[in-house]
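Participant: Could you have a look at this structure, given as structure tokens, before my questions?
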Amino acid sequence: MLLRQLEYLSALARERHFARAAAACDVSQPALSAGIRRLEAELGVQIVRRGRRFEGFTPEGERVVRWTHRILADQEALRHDLSTLRGGLSGQLRIGAIPTALTAISLLTAPFRERHPLVRISVQSLSSREIVHRLAEFELDVGMTYVDGEPLGTVRTVPLYAERYLLLTASDGKFAGRDEVGWAELADTEMCLLAPSMQNRRILDSHFAEAGVTVLPSIEADAVSVLYAHVGTRQWSTVIAHPWLYMFGVPAGMRVIPMARPSRTYQVGLVLADRDPEPMLARALLEVTREIDLRAALNAVLRTHLDPP
């Protein structure tokens with residue numbers, strides 16, 4: 001069994017299309033198909049359901065795909081392990097982060113890169129559910145998501161900070177002079193919020209429900225930057241998590257007001273597939289993370305906006 005054949009199969013599982021998988025592997029489509037057929041012959045099972053186009057995998061093929069992801073991940077881990085003997089870590093650290101955590105992720109990746117300058121870092125904006133799936137499929141090394149919300153499966157978690165929620169609104173609007181805003185008060189406010197596909201929105205909806213209201217925003221988006229762009233017009237307000245202030249701050253003519261503390265808080269942290277041995281790049285990121293008080297850094301930014309000079 002050649003690792004190259006497994007790479008062909010992994011690409012096909014990712015692309016779900018023969019031509020795109022071949023392009024991703026930089027080979028012709030006949031070469032990719034022939035490689036997968038040789039793999040089928042060696043294993044003695046049919047892996048791919050064949051027709052005029054890709055039609056999925058057989059039950060045996062689904063199992064082979066899972067083992068393929070594991071074998072290729074172990075191969076990459078071996079390369080990383082050996083690279084440390086040659087003068088330092090190298091390779092690519094693949095991180096998937098929920099949009100609400102992307103605003104703070106440079107607090108981890110910047111010091112990591114200073115310590116491991118040969119490592120390239122790939123950061124993808126993903127939903128919490130996509131992060132869990134891609135960790136299980138060995139397509140990510142680390143996720144940054146909620147660690148005490150919806151089910152994560154079999155993973156290791158490293159809590160980093162608990163989200164605090166703030167109303168970002170016009171400084172001369174109806175909440176001018178307020179030190180706190182109740183969740184029910186936003187029921188008749190022009191709001192823009194993240195889309196329901198994002199766990200942050202589902203968390204906010206649970207806080208609104210706890211207050212006995214349903215908030216129907218006039219604008220929904222899947223990116224924090226889109227919310228800020230609309231709030232900046234001063235026609236809308238939004239509820240932000242405090243790490244957003246680290247990147248975006250408070251636009252001119254706006255202010256942040258703490259939301260009433262809900263009965264439950266949610267923590268964001270790192271999640272890693274529960275594997276032994278632990279991948280070298282993931283372990284290196286954890287070592288850097290342990291030396292950084294992310295919670296204190298974000299709280300310091302929050303204080304500057306709640307108590308401006």
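Naming works like this for the structure tokens: A, B, ... for the chains as they're shown, residue 1 at the start of each chain, ligands 1 onward in shown order.
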For the strand (DSSP E) assignment from backbone DSSP, which residues of region 13-128 of chain A qualify? Please present them as a PyMOL selection string.

Facilitator: chain A and resi 91-97+119-125

Participant: Mind writing the picked residues with C-alpha atoms as a compact mmCIF listing (two decimals), in the first residue's frame?

Facilitator:
# COMPACT_ATOMS: atom_id res chain seq x y z
CA GLY A 91 5.05 21.99 8.81
CA GLN A 92 1.58 23.51 8.97
CA LEU A 93 -0.53 24.05 12.08
CA ARG A 94 -4.20 23.85 11.05
CA ILE A 95 -6.59 25.74 13.32
CA GLY A 96 -10.35 25.97 12.98
CA ALA A 97 -12.00 28.75 14.98
CA VAL A 119 5.82 26.50 11.17
CA ARG A 120 3.17 27.85 8.82
CA ILE A 121 -0.26 28.52 10.34
CA SER A 122 -3.59 28.02 8.61
CA VAL A 123 -6.64 29.52 10.35
CA GLN A 124 -10.13 28.74 9.06
CA SER A 125 -13.39 30.33 10.15

Participant: DSSP on the backbone, then: every residue of region 19-167 of chain A marked helix (DSSP H, G or I), written as number ranges by chain.

Facilitator: A: 19-25, 29-43, 59-85, 99-102, 106-115, 128-136

Participant: Would you work out the distance separating CA of Leu102 (chain A) from CA of Pro243 (chain A), expressed in Å to one decimal?

Facilitator: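 Computed distance, CA of Leu102 (chain A) to CA of Pro243 (chain A), equals 8.9 Å.
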
Participant: So that I can check the surroundings of Pro279 (chain A), please list as a ChimeraX atom specification every protein, DNA and RNA residue that reaches within 12 Å of it, counting only C-alpha atoms and ignoring chain neighbours fewer than 6 positions away.

Facilitator: /A:70,73-82,89,91-94,138,140-142,272-273,285-286

Participant: Now that the selection is made, can you save its residues with N, CA, C and O atoms as an mmCIF file, in the first residue's frame?

Facilitator:
data_model
loop_
_atom_site.group_PDB
_atom_site.id
_atom_site.type_symbol
_atom_site.label_atom_id
_atom_site.label_comp_id
_atom_site.auth_asym_id
_atom_site.auth_seq_id
_atom_site.Cartn_x
_atom_site.Cartn_y
_atom_site.Cartn_z
ATOM 1 N N ARG A 70 -6.490 8.714 9.455
ATOM 2 C CA ARG A 70 -5.656 8.457 10.627
ATOM 3 C C ARG A 70 -4.214 8.170 10.219
ATOM 4 O O ARG A 70 -3.270 8.691 10.821
ATOM 5 N N ALA A 73 -2.542 11.333 9.019
ATOM 6 C CA ALA A 73 -2.264 12.218 10.154
ATOM 7 C C ALA A 73 -1.060 11.721 10.941
ATOM 8 O O ALA A 73 -0.212 12.516 11.382
ATOM 9 N N ASP A 74 -0.955 10.411 11.121
ATOM 10 C CA ASP A 74 0.200 9.855 11.834
ATOM 11 C C ASP A 74 1.486 10.057 11.043
ATOM 12 O O ASP A 74 2.560 10.300 11.619
ATOM 13 N N GLN A 75 1.388 9.964 9.715
ATOM 14 C CA GLN A 75 2.562 10.221 8.885
ATOM 15 C C GLN A 75 3.042 11.663 9.071
ATOM 16 O O GLN A 75 4.236 11.931 9.224
ATOM 17 N N GLU A 76 2.083 12.610 9.079
ATOM 18 C CA GLU A 76 2.445 14.013 9.263
ATOM 19 C C GLU A 76 3.019 14.238 10.649
ATOM 20 O O GLU A 76 3.978 15.003 10.825
ATOM 21 N N ALA A 77 2.441 13.569 11.657
ATOM 22 C CA ALA A 77 2.962 13.701 13.014
ATOM 23 C C ALA A 77 4.394 13.187 13.099
ATOM 24 O O ALA A 77 5.241 13.755 13.809
ATOM 25 N N LEU A 78 4.687 12.102 12.389
ATOM 26 C CA LEU A 78 6.050 11.568 12.361
ATOM 27 C C LEU A 78 7.009 12.590 11.754
ATOM 28 O O LEU A 78 8.118 12.802 12.273
ATOM 29 N N ARG A 79 6.598 13.232 10.671
ATOM 30 C CA ARG A 79 7.452 14.249 10.046
ATOM 31 C C ARG A 79 7.739 15.392 11.026
ATOM 32 O O ARG A 79 8.866 15.878 11.128
ATOM 33 N N HIS A 80 6.696 15.831 11.745
ATOM 34 C CA HIS A 80 6.886 16.914 12.707
ATOM 35 C C HIS A 80 7.824 16.490 13.826
ATOM 36 O O HIS A 80 8.675 17.269 14.278
ATOM 37 N N ASP A 81 7.659 15.248 14.296
ATOM 38 C CA ASP A 81 8.501 14.744 15.373
ATOM 39 C C ASP A 81 9.964 14.722 14.943
ATOM 40 O O ASP A 81 10.860 15.154 15.682
ATOM 41 N N LEU A 82 10.210 14.243 13.736
ATOM 42 C CA LEU A 82 11.583 14.181 13.236
ATOM 43 C C LEU A 82 12.155 15.574 12.969
ATOM 44 O O LEU A 82 13.361 15.791 13.107
ATOM 45 N N LEU A 89 10.603 22.714 14.984
ATOM 46 C CA LEU A 89 9.358 22.288 14.369
ATOM 47 C C LEU A 89 9.165 22.950 13.012
ATOM 48 O O LEU A 89 9.534 24.112 12.811
ATOM 49 N N GLY A 91 6.334 22.522 9.256
ATOM 50 C CA GLY A 91 5.054 21.988 8.814
ATOM 51 C C GLY A 91 3.974 23.039 8.925
ATOM 52 O O GLY A 91 4.242 24.240 9.011
ATOM 53 N N GLN A 92 2.717 22.593 8.926
ATOM 54 C CA GLN A 92 1.579 23.510 8.966
ATOM 55 C C GLN A 92 0.676 23.169 10.142
ATOM 56 O O GLN A 92 0.231 22.033 10.295
ATOM 57 N N LEU A 93 0.424 24.171 10.972
ATOM 58 C CA LEU A 93 -0.528 24.047 12.077
ATOM 59 C C LEU A 93 -1.894 24.484 11.570
ATOM 60 O O LEU A 93 -2.083 25.628 11.163
ATOM 61 N N ARG A 94 -2.872 23.573 11.589
ATOM 62 C CA ARG A 94 -4.202 23.848 11.047
ATOM 63 C C ARG A 94 -5.169 24.114 12.199
ATOM 64 O O ARG A 94 -5.429 23.226 13.009
ATOM 65 N N PHE A 138 -9.427 14.268 11.089
ATOM 66 C CA PHE A 138 -7.988 14.583 11.033
ATOM 67 C C PHE A 138 -7.692 15.702 10.034
ATOM 68 O O PHE A 138 -6.586 15.782 9.501
ATOM 69 N N LEU A 140 -8.059 18.947 10.943
ATOM 70 C CA LEU A 140 -7.600 20.053 11.780
ATOM 71 C C LEU A 140 -6.687 19.501 12.862
ATOM 72 O O LEU A 140 -6.830 18.351 13.282
ATOM 73 N N ASP A 141 -5.756 20.343 13.316
ATOM 74 C CA ASP A 141 -4.925 19.976 14.457
ATOM 75 C C ASP A 141 -5.541 20.463 15.762
ATOM 76 O O ASP A 141 -5.479 19.770 16.780
ATOM 77 N N VAL A 142 -6.137 21.651 15.722
ATOM 78 C CA VAL A 142 -6.699 22.278 16.914
ATOM 79 C C VAL A 142 -7.949 23.053 16.522
ATOM 80 O O VAL A 142 -8.013 23.626 15.426
ATOM 81 N N LEU A 272 -8.931 19.524 21.038
ATOM 82 C CA LEU A 272 -8.013 18.686 20.273
ATOM 83 C C LEU A 272 -8.562 17.273 20.229
ATOM 84 O O LEU A 272 -9.200 16.811 21.192
ATOM 85 N N ALA A 273 -8.330 16.600 19.124
ATOM 86 C CA ALA A 273 -8.710 15.193 19.043
ATOM 87 C C ALA A 273 -7.966 14.411 20.120
ATOM 88 O O ALA A 273 -6.786 14.672 20.382
ATOM 89 N N LEU A 285 1.461 24.284 20.518
ATOM 90 C CA LEU A 285 0.526 25.381 20.738
ATOM 91 C C LEU A 285 0.030 25.398 22.173
ATOM 92 O O LEU A 285 -0.102 26.464 22.786
ATOM 93 N N LEU A 286 -0.219 24.232 22.742
ATOM 94 C CA LEU A 286 -0.663 24.163 24.137
ATOM 95 C C LEU A 286 0.409 24.705 25.077
ATOM 96 O O LEU A 286 0.088 25.381 26.066
#

Participant: Which residue gives the smallest distance to Thr157 (chain A) among A:Val271, A:Ala282, A:Leu294, A:Phe54, with only C-alpha atoms counted?

Facilitator: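 Selected residue with least distance to Thr157 (chain A): A:Val271.
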
Participant: Using only C-alpha atoms for the distances, tell me which of A:Thr265, A:Gln29, A:Ser90, A:Thr304 is nearest to Asn200 (chain A).

Facilitator: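 Nearest candidate to Asn200 (chain A) out of A:Thr265, A:Gln29, A:Ser90, A:Thr304: A:Thr265.
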
Participant: Hey, can you check how far CA of Thr145 (chain A) sits from CA of Gly249 (chain A)?

Facilitator: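 A separation of 21.4 Å between them.
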